[in-house]
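Participant: Have a look at the structure that comes next, please.
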Amino acid sequence: MATQSGKPSYTTPWDTTFLGDGRICLTNNAAERELRSVARGRKAWLFVGSDRGGERAAMMFSLIGTAKLNGIDPLAWLADVLARIADMPQSRLEELLPWNWKAAQQAERSEMAA
């Protein structure tokens, strides 16, 4: 792209947006940090034992990732779910989903505080 003076311009619309908006991160460190846990276990997960084991590992990654995305401690959520799921009727399993579980925990805390 050339400017009016005929000299080439090395800035793109992204460059100007990038410089004008301070909320845009200069690096991709956040994405790299999130992928680090996956990269650490890559060799171990190659040998999950079977296709079914790989499916289970993928399911656990999905559950843990969903909990993290909802701002929940995955260990606390999973421990509570595993403790309650056996006695929970199938019609109420939706209560154990991370976003519903978080709302219930917050309501429980506010009741205890009042």
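Chain lettering (A, B, ...) mirrors the order of the structure tokens, residue numbering begins at 1 for each chain separately, and ligand numbering begins at 1 in order of display.
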Just asking: which residues within chain A are alpha helix (DSSP H) according to DSSP, as a PyMOL selection string?

Facilitator: chain A and resi 13-20+29-40+42-46+51-69+74-84+98-113

Participant: Got a sec: who's within 10 Å of segment 50-66 of chain A, counting only C-alpha atoms, leaving out chain neighbours fewer than 2 positions off, as a list in words?

Facilitator: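 So, after excluding close chain neighbours, the residues are Glu34, Val38, Trp45, Leu46, Phe47, Val48, Lys68, Leu69, Asn70, Gly71, Ile72, Asp73, Pro74, Leu75, Trp77, Leu78, Leu97, Pro98 and Trp99 of chain A.
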
Participant: Any chance you can output those residues with C-alpha atoms as a short mmCIF file (atom, residue, chain, number, x, y, z; two decimals), in the first residue's frame?

Facilitator:
data_model
loop_
_atom_site.label_atom_id
_atom_site.label_comp_id
_atom_site.auth_asym_id
_atom_site.auth_seq_id
_atom_site.Cartn_x
_atom_site.Cartn_y
_atom_site.Cartn_z
CA GLU A 34 -3.79 -22.24 28.70
CA VAL A 38 -2.16 -29.87 27.33
CA TRP A 45 -2.06 -39.07 26.67
CA LEU A 46 -0.74 -40.82 23.59
CA PHE A 47 -0.98 -44.00 25.59
CA VAL A 48 -4.36 -43.75 27.31
CA LYS A 68 -12.68 -23.01 34.40
CA LEU A 69 -14.61 -20.97 31.83
CA ASN A 70 -17.39 -20.51 34.38
CA GLY A 71 -14.95 -19.26 37.01
CA ILE A 72 -15.24 -22.36 39.18
CA ASP A 73 -12.48 -24.31 40.91
CA PRO A 74 -12.62 -27.56 38.90
CA LEU A 75 -11.50 -29.71 41.84
CA TRP A 77 -16.88 -28.68 41.55
CA LEU A 78 -15.90 -32.19 40.50
CA LEU A 97 -23.80 -28.38 35.39
CA PRO A 98 -21.08 -25.84 36.20
CA TRP A 99 -23.14 -22.71 35.55
#

Participant: Could you work out how far atom CA of Val81 of chain A lies from atom CA of Lys43 of chain A, giving the answer in Å with one decimal?

Facilitator: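 It comes out at 29.1 Å.
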
Participant: Show which residues sit within 12 Å of Glu94 of chain A, as a VMD selection string. Count only C-alpha atoms, and ignore same-chain residues fewer than 6 positions away.

Facilitator: chain A and resid 81 85 88 100 to 101 104

Participant: Atom CA of Ser91 of chain A to atom CA of Met112 of chain A: how many Å, to one decimal?

Facilitator: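 Going from atom CA of Ser91 of chain A over to atom CA of Met112 of chain A covers 26.9 Å.
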
Participant: Which distance in Å separates atom CA of Ala79 of chain A and atom CA of Glu111 of chain A, to one decimal?

Facilitator: 22.1 Å

Participant: Taking only C-alpha atoms into account, name the residue in A:Ala76, A:Ala83, A:Ala31, A:Ala114 that is nearest to Lys102 of chain A.

Facilitator: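 The answer is A:Ala76, which sits nearest to Lys102 of chain A.
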